[in-house]
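Participant: Data file run_14.tsv (TSV, C-alpha atoms) is appended below.
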chain	number	residue	atom	x	y	z
J	20	MET	CA	21.38	-12.14	19.07
J	21	HIS	CA	20.45	-8.47	19.55
J	22	PRO	CA	16.94	-8.16	21.08
J	23	MET	CA	15.68	-6.15	18.12
J	24	LYS	CA	16.99	-8.73	15.65
J	25	THR	CA	15.39	-11.45	17.73
J	26	ALA	CA	12.06	-9.63	17.65
J	27	ILE	CA	12.27	-9.10	13.90
J	28	ALA	CA	13.15	-12.75	13.34
J	29	ALA	CA	10.24	-13.88	15.53
J	30	VAL	CA	7.78	-11.63	13.74
J	31	ALA	CA	9.10	-12.80	10.35
J	32	LEU	CA	8.61	-16.43	11.33
J	33	LEU	CA	5.07	-15.71	12.43
J	34	ALA	CA	4.39	-13.85	9.18
J	35	THR	CA	5.70	-16.83	7.22
J	36	ALA	CA	3.41	-19.15	9.14
J	37	ILE	CA	0.44	-16.87	8.49
J	38	ALA	CA	1.28	-16.71	4.80
J	39	ALA	CA	1.67	-20.49	4.55
J	40	ASN	CA	-1.75	-21.04	6.06
J	41	ALA	CA	-3.30	-18.29	3.97
J	42	GLN	CA	-1.78	-19.16	0.58
J	43	SER	CA	-4.96	-20.66	-0.82
J	44	SER	CA	-7.58	-18.96	1.34
J	45	PHE	CA	-6.13	-15.54	2.27
J	46	PHE	CA	-7.94	-15.38	5.61
J	47	PRO	CA	-11.26	-16.77	4.34
J	48	GLN	CA	-14.27	-14.74	5.32
J	49	GLU	CA	-16.33	-17.86	5.93
J	50	SER	CA	-14.15	-18.72	8.94
J	51	GLU	CA	-15.01	-15.49	10.72
J	52	THR	CA	-17.54	-15.59	13.52
J	53	ALA	CA	-20.84	-13.74	13.30
J	54	ALA	CA	-19.55	-11.30	15.91
J	55	ALA	CA	-16.46	-10.55	13.84
J	56	GLU	CA	-18.57	-10.04	10.72
J	57	ALA	CA	-20.82	-7.62	12.62
J	58	ALA	CA	-17.78	-5.75	13.92
J	59	SER	CA	-16.38	-5.54	10.38
J	60	ALA	CA	-19.68	-4.13	9.13
J	61	ARG	CA	-19.63	-1.51	11.88
J	62	ASP	CA	-16.03	-0.61	11.03
J	63	TYR	CA	-16.98	-0.25	7.36
J	64	LEU	CA	-19.91	2.07	8.11
J	65	ALA	CA	-17.81	4.17	10.47
J	66	ALA	CA	-15.00	4.45	7.91
J	67	LYS	CA	-17.49	5.30	5.15
J	68	ALA	CA	-18.83	8.16	7.27
J	69	ARG	CA	-15.31	9.38	8.06
J	70	TRP	CA	-14.22	9.33	4.42
J	71	HIS	CA	-17.55	10.46	2.94
J	72	ASN	CA	-16.14	13.46	1.05
J	73	GLU	CA	-13.25	11.51	-0.47
J	74	LEU	CA	-15.46	8.61	-1.52
J	75	ALA	CA	-18.00	11.01	-3.00
J	76	ALA	CA	-15.25	12.70	-5.04
J	77	PHE	CA	-14.18	9.32	-6.45
J	78	ALA	CA	-17.80	8.53	-7.30
J	79	ARG	CA	-18.15	11.83	-9.18
J	80	ALA	CA	-14.96	11.15	-11.11
J	81	ASP	CA	-16.29	7.72	-12.07
J	82	GLN	CA	-19.55	9.24	-13.27
J	83	ASP	CA	-17.65	11.65	-15.50
J	84	ARG	CA	-15.45	8.91	-16.94
J	85	PHE	CA	-15.35	5.39	-15.60
J	86	PRO	CA	-11.88	3.86	-16.05
J	87	ALA	CA	-11.54	1.01	-18.50
J	88	PRO	CA	-10.68	-2.39	-17.00
J	89	GLY	CA	-7.17	-3.78	-17.20
J	90	GLY	CA	-5.28	-0.77	-15.85
J	91	VAL	CA	-3.30	-0.26	-12.65
J	92	VAL	CA	-4.85	1.09	-9.45
J	93	PHE	CA	-2.71	3.00	-6.97
J	94	VAL	CA	-4.43	3.02	-3.59
J	95	GLY	CA	-3.34	4.19	-0.16
J	96	SER	CA	-2.68	7.23	1.95
J	97	SER	CA	-1.69	10.83	1.24
J	98	THR	CA	1.59	9.77	-0.37
J	99	VAL	CA	-0.51	8.33	-3.20
J	100	ARG	CA	-3.11	11.10	-3.15
J	101	MET	CA	-0.45	13.83	-3.47
J	102	TRP	CA	1.29	12.20	-6.44
J	103	SER	CA	-0.08	14.87	-8.78
J	104	ARG	CA	1.89	13.62	-11.81
J	105	LEU	CA	0.93	9.97	-11.35
J	106	GLN	CA	-0.92	9.61	-14.65
J	107	GLN	CA	1.75	11.55	-16.54
J	108	ASP	CA	4.59	9.61	-14.94
J	109	PHE	CA	3.02	6.30	-15.94
J	110	SER	CA	1.39	7.37	-19.19
J	111	ARG	CA	2.92	4.39	-21.03
J	112	VAL	CA	1.21	1.81	-18.82
J	113	PRO	CA	-1.37	-0.12	-20.90
J	114	GLY	CA	-4.88	0.69	-19.68
J	115	GLY	CA	-3.62	3.69	-17.72
J	116	VAL	CA	-3.31	4.26	-14.00
J	117	ILE	CA	-5.98	5.22	-11.49
J	118	ASN	CA	-5.20	7.25	-8.36
J	119	ARG	CA	-7.33	6.24	-5.40
J	120	GLY	CA	-5.23	7.66	-2.60
J	121	PHE	CA	-7.04	9.33	0.28
J	122	GLY	CA	-5.02	11.37	2.76
J	123	GLY	CA	-4.67	10.17	6.33
J	124	SER	CA	-5.94	6.70	5.50
J	125	THR	CA	-4.55	3.47	6.90
J	126	LEU	CA	-4.04	-0.04	5.60
J	127	ALA	CA	-7.03	-0.94	7.76
J	128	ASP	CA	-9.08	1.58	5.74
J	129	CYS	CA	-7.73	0.18	2.47
J	130	ALA	CA	-8.85	-3.29	3.53
J	131	LEU	CA	-12.36	-2.03	4.31
J	132	PHE	CA	-12.61	-0.19	0.97
J	133	ALA	CA	-10.90	-2.78	-1.23
J	134	ARG	CA	-14.08	-3.40	-3.24
J	135	ASP	CA	-14.95	0.30	-3.51
J	136	LEU	CA	-11.51	1.55	-4.53
J	137	VAL	CA	-9.92	-1.43	-6.29
J	138	VAL	CA	-12.14	-4.35	-7.27
J	139	ARG	CA	-14.77	-2.28	-9.07
J	140	TYR	CA	-12.18	-1.12	-11.62
J	141	LYS	CA	-11.06	-4.67	-12.51
J	142	PRO	CA	-7.36	-3.76	-12.70
J	143	ARG	CA	-4.61	-6.08	-13.86
J	144	GLN	CA	-2.39	-4.81	-11.04
J	145	VAL	CA	-2.79	-3.05	-7.70
J	146	MET	CA	-0.14	-0.81	-6.16
J	147	VAL	CA	-0.81	-0.21	-2.47
J	148	TYR	CA	1.02	2.22	-0.22
J	149	ALA	CA	-0.14	2.53	3.38
J	150	GLY	CA	0.93	1.44	6.83
J	151	ASP	CA	2.79	4.37	8.32
J	152	ASN	CA	-0.44	5.98	9.53
J	153	ASP	CA	-1.41	2.66	11.13
J	154	LEU	CA	1.86	2.63	13.05
J	155	ALA	CA	1.47	6.29	14.03
J	156	GLU	CA	-1.95	5.44	15.45
J	157	GLY	CA	-0.39	2.75	17.64
J	158	ARG	CA	-0.95	-0.43	15.64
J	159	THR	CA	1.75	-3.08	15.70
J	160	PRO	CA	3.57	-4.46	12.65
J	161	LEU	CA	1.54	-7.68	12.94
J	162	GLN	CA	-1.70	-5.70	12.96
J	163	VAL	CA	-0.54	-3.91	9.81
J	164	LEU	CA	0.25	-7.29	8.25
J	165	ASP	CA	-3.22	-8.53	9.17
J	166	SER	CA	-4.79	-5.49	7.48
J	167	PHE	CA	-2.73	-6.10	4.35
J	168	ALA	CA	-3.71	-9.79	4.30
J	169	ARG	CA	-7.37	-8.77	4.55
J	170	PHE	CA	-6.85	-6.33	1.70
J	171	ALA	CA	-5.25	-9.07	-0.41
J	172	ASN	CA	-8.07	-11.44	0.48
J	173	ALA	CA	-10.73	-8.96	-0.63
J	174	VAL	CA	-8.97	-8.25	-3.93
J	175	ARG	CA	-8.16	-11.87	-4.79
J	176	ALA	CA	-11.67	-13.08	-3.87
J	177	GLU	CA	-13.00	-11.27	-6.96
J	178	LEU	CA	-9.87	-10.68	-9.02
J	179	PRO	CA	-7.85	-13.89	-8.68
J	180	ASP	CA	-5.43	-12.94	-11.47
J	181	ALA	CA	-4.66	-9.39	-10.33
J	182	ARG	CA	-1.06	-8.74	-9.34
J	183	ILE	CA	-0.69	-7.18	-5.89
J	184	SER	CA	2.32	-4.93	-5.27
J	185	PHE	CA	3.08	-3.53	-1.83
J	186	ILE	CA	5.21	-0.39	-1.76
J	187	SER	CA	7.23	-0.51	1.46
J	188	VAL	CA	6.56	1.93	4.27
J	189	LYS	CA	8.79	4.95	3.78
J	190	PRO	CA	11.18	6.39	6.42
J	191	SER	CA	9.66	9.80	7.08
J	192	PRO	CA	11.83	12.13	9.22
J	193	SER	CA	8.80	13.18	11.29
J	194	ARG	CA	8.31	9.53	12.23
J	195	GLU	CA	11.93	8.61	12.74
J	196	GLN	CA	11.07	7.32	16.21
J	197	LEU	CA	8.92	4.68	14.52
J	198	MET	CA	11.68	3.36	12.26
J	199	PRO	CA	12.13	0.11	14.23
J	200	GLN	CA	8.40	-0.61	13.75
J	201	ILE	CA	8.60	0.49	10.10
J	202	ARG	CA	11.47	-1.93	9.46
J	203	GLU	CA	9.57	-4.75	11.18
J	204	THR	CA	6.45	-3.99	9.16
J	205	ASN	CA	8.37	-4.05	5.89
J	206	HIS	CA	10.08	-7.28	6.96
J	207	VAL	CA	6.89	-9.18	7.82
J	208	VAL	CA	4.94	-7.98	4.80
J	209	SER	CA	7.85	-8.96	2.57
J	210	ALA	CA	7.91	-12.42	4.17
J	211	TYR	CA	4.16	-12.76	3.60
J	212	LEU	CA	4.47	-11.74	-0.04
J	213	ASN	CA	7.18	-14.32	-0.64
J	214	LEU	CA	4.46	-16.94	-0.30
J	215	LEU	CA	1.58	-15.03	-1.88
J	216	PRO	CA	1.26	-15.93	-5.57
J	217	ASN	CA	1.54	-13.17	-8.18
J	218	SER	CA	2.63	-10.50	-5.73
J	219	GLU	CA	5.71	-8.48	-4.91
J	220	PHE	CA	7.32	-6.24	-2.32
J	221	ILE	CA	8.78	-2.98	-3.68
J	222	ASP	CA	11.50	-1.55	-1.46
J	223	ILE	CA	11.51	2.24	-1.44
J	224	TYR	CA	12.64	2.36	2.20
J	225	THR	CA	16.31	1.64	1.47
J	226	PRO	CA	16.88	4.18	-1.34
J	227	MET	CA	15.26	6.89	0.81
J	228	LEU	CA	18.02	6.53	3.41
J	229	GLY	CA	21.29	8.40	3.32
J	230	ALA	CA	24.76	7.00	3.93
J	231	ASP	CA	24.21	7.66	7.64
J	232	GLY	CA	21.16	5.39	7.69
J	233	ARG	CA	18.78	8.28	8.30
J	234	PRO	CA	16.03	9.64	6.00
J	235	ARG	CA	17.24	11.83	3.15
J	236	MET	CA	15.82	15.24	4.02
J	237	GLU	CA	15.83	16.49	0.41
J	238	LEU	CA	13.14	13.93	-0.40
J	239	PHE	CA	10.67	15.46	2.06
J	240	ARG	CA	8.72	18.67	2.38
J	241	SER	CA	8.99	21.03	5.34
J	242	ASP	CA	6.46	18.93	7.27
J	243	ARG	CA	9.05	16.12	7.17
J	244	LEU	CA	6.29	13.67	6.25
J	245	HIS	CA	5.15	14.26	2.67
J	246	MET	CA	7.47	14.11	-0.32
J	247	THR	CA	9.03	16.68	-2.60
J	248	ASP	CA	9.15	16.35	-6.39
J	249	GLU	CA	12.58	14.79	-5.94
J	250	GLY	CA	11.03	12.17	-3.69
J	251	TYR	CA	8.45	11.30	-6.32
J	252	ARG	CA	11.12	11.11	-9.01
J	253	LEU	CA	12.91	8.56	-6.86
J	254	TRP	CA	9.68	6.60	-6.44
J	255	LEU	CA	9.09	6.69	-10.19
J	256	SER	CA	12.53	5.23	-10.87
J	257	VAL	CA	11.95	2.40	-8.38
J	258	ILE	CA	8.33	1.58	-9.23
J	259	ALA	CA	8.33	1.90	-13.04
J	260	PRO	CA	10.15	-1.42	-13.68
J	261	HIS	CA	7.39	-3.22	-11.77
J	262	LEU	CA	4.62	-2.04	-14.10
J	263	PRO	CA	3.55	-3.38	-17.51
J	264	GLY	CA	4.42	-1.60	-20.72
J	265	PRO	CA	7.51	0.09	-22.16
J	266	PRO	CA	10.05	1.68	-19.79
J	267	ALA	CA	9.04	5.01	-18.31
J	268	ALA	CA	10.96	8.15	-19.12
J	269	SER	CA	14.15	8.64	-17.19
J	270	ALA	CA	13.42	10.16	-13.79
J	271	ALA	CA	16.26	12.60	-14.35
J	272	SER	CA	14.51	14.00	-17.41
J	273	LEU	CA	11.27	14.72	-15.62
J	274	PRO	CA	10.46	18.23	-14.37
Translate the structure described by the file into structure tokens.
Facilitator:
Amino acid sequence: MHPMKTAIAAVALLATAIAANAQSSFFPQESETAAAEAASARDYLAAKARWHNELAAFARADQDRFPAPGGVVFVGSSTVRMWSRLQQDFSRVPGGVINRGFGGSTLADCALFARDLVVRYKPRQVMVYAGDNDLAEGRTPLQVLDSFARFANAVRAELPDARISFISVKPSPSREQLMPQIRETNHVVSAYLNLLPNSEFIDIYTPMLGADGRPRMELFRSDRLHMTDEGYRLWLSVIAPHLPGPPAASAASLP
């Protein structure tokens, strides 16, 4: 077997084992040592200081109009934050959608802020997109999986019935050198979700590739990282069937 395929298979098996052990407990906090809990608290305070402005902006928005429970929260990195038409694109979703994307964030950040940015809104479903920034910072696919499992644990601990949807890491041209790690990350998270109740893996990676197997440049801005309107129309067409409510408008009909 090709070394890369062997590595992917090994990581997938490990992810399956992690998921099997975590199915009922999702990495229970009570099993963590006091040292790990202290480290987590330090990480949270450091992240809160780093993202102070973004968190303050969310708090102000909540003061103006706190979202009703039962909607859908989109949380994650700049790909979520820059989806300017998110509420319009999913206007038919019962309870509405909430955008809690913060640019430059990682899945590790999302795990730390799960209560602040997800749980407090009591959504029926959570759409999370993050992971590519983790990989760009040098984390491994298994470390990204661990962050996602911690995120899922934090959400399910207080919202046991919430559906958790992971939008796969996208193939950005500026990070084409990371595509082996991106594929591995998508593979192990998908394997984990296969055993996580009321969850799903949404593949946007594959439709963002051309016939040559490389990222479709028309889906990305000049920075080769963030998406064009065409990219978001593609995402809308892929994600809409996974949300509650009547079908969204055809992506082709959107401006």
Participant: Hey, which of J:Arg84, J:Arg100, J:Arg69, J:Arg111 ends up closest to Tyr148 of chain J? Count only C-alpha atoms.
Facilitator: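 Ranked by minimum distance to Tyr148 of chain J, first place goes to J:Arg100.
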Participant: Compare J:Val94, J:Ala259, J:Ala66, J:Ala87 by their minimum atom-to-atom distance to Leu131 of chain J, counting only C-alpha atoms, and give me the closest one.
Facilitator: J:Ala66
Participant: Could you tell me how far atom CA of Gly232 of chain J lies from atom CA of Glu195 of chain J, in Å and to one decimal?
Facilitator: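 Computed distance, atom CA of Gly232 of chain J to atom CA of Glu195 of chain J, equals 11.0 Å.
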Participant: Give me, as an mmCIF file with C-alpha atoms, keeping the file's coordinate frame, all polymer residues having an atom no more than 10 Å from His261 of chain J, counting all atoms listed in the file and skipping those fewer than 4 positions away in the same chain.
Facilitator:
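Wrote it out as out-v6.cif, contents follow:
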data_model
loop_
_atom_site.group_PDB
_atom_site.id
_atom_site.type_symbol
_atom_site.label_atom_id
_atom_site.label_comp_id
_atom_site.auth_asym_id
_atom_site.auth_seq_id
_atom_site.Cartn_x
_atom_site.Cartn_y
_atom_site.Cartn_z
ATOM 1 C CA GLN J 144 -2.390 -4.810 -11.040
ATOM 2 C CA MET J 146 -0.140 -0.810 -6.160
ATOM 3 C CA SER J 184 2.320 -4.930 -5.270
ATOM 4 C CA GLU J 219 5.710 -8.480 -4.910
ATOM 5 C CA PHE J 220 7.320 -6.240 -2.320
ATOM 6 C CA ILE J 221 8.780 -2.980 -3.680
ATOM 7 C CA SER J 256 12.530 5.230 -10.870
ATOM 8 C CA VAL J 257 11.950 2.400 -8.380
ATOM 9 C CA PRO J 266 10.050 1.680 -19.790
#
Participant: Would you mind telling me which residue in J:Val91, J:Pro160, J:Gly120, J:Phe132 lies nearest to Arg182 of chain J when using only C-alpha atoms?
Facilitator: J:Val91
Participant: Using all atoms listed in the file, find the one residue out of J:Phe109, J:Trp254, J:Phe121, J:Tyr211 that sits nearest to Leu161 of chain J.
Facilitator: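 The answer is J:Tyr211, which sits nearest to Leu161 of chain J.
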Participant: List as a PDB file with C-alpha atoms, keeping the file's coordinate frame the protein and nucleic acid residues near Arg243 of chain J, meaning an atom at most 8 Å away when all atoms listed in the file are counted, but skip any in the same chain fewer than 3 places from it.
Facilitator:
ATOM      1  CA  SER J 191       9.660   9.800   7.080  1.00  0.00           C
ATOM      2  CA  PRO J 192      11.830  12.130   9.220  1.00  0.00           C
ATOM      3  CA  SER J 193       8.800  13.180  11.290  1.00  0.00           C
ATOM      4  CA  MET J 236      15.820  15.240   4.020  1.00  0.00           C
ATOM      5  CA  PHE J 239      10.670  15.460   2.060  1.00  0.00           C
ATOM      6  CA  ARG J 240       8.720  18.670   2.380  1.00  0.00           C
ATOM      7  CA  MET J 246       7.470  14.110  -0.320  1.00  0.00           C
TER       8      MET J 246
END
Participant: Under the rule that only C-alpha atoms are counted, which of J:Val174, J:Ile223, J:Val188, J:Val145 is the nearest residue to Val207 of chain J?
Facilitator: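 Residue with the minimum atom-to-atom distance to Val207 of chain J: J:Val188.
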Participant: State, in Å with one decimal place, the distance from atom CA of Asn118 of chain J to atom CA of Trp102 of chain J.
Facilitator: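 Taking atom CA of Asn118 of chain J and atom CA of Trp102 of chain J, their separation equals 8.4 Å.
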Participant: Which is closest to Lys67 of chain J among J:Cys129, J:Leu214, J:Leu164, J:Ala171, if we use all atoms listed in the file?
Facilitator: J:Cys129
Participant: Assuming 6 Å of padding per side, give the centre and edge lengths of the axis-aligned box around every listed atom of segment 119-122 of chain J, in Å to one decimal and as AutoDock Vina command-line options.
Facilitator:
--center_x -6.2 --center_y 8.8 --center_z -1.3 --size_x 14.3 --size_y 17.1 --size_z 20.2
Participant: How many Å lie between atom CA of Thr204 of chain J and atom CA of Asp231 of chain J, rounded to one decimal?
Facilitator: 21.3 Å
Participant: Is it possible to get the residues within 12 Å of (3.7, -1.2, 20.1) (coordinates as in the file, counting all atoms listed in the file) written as a count of residues only?
Facilitator: 18
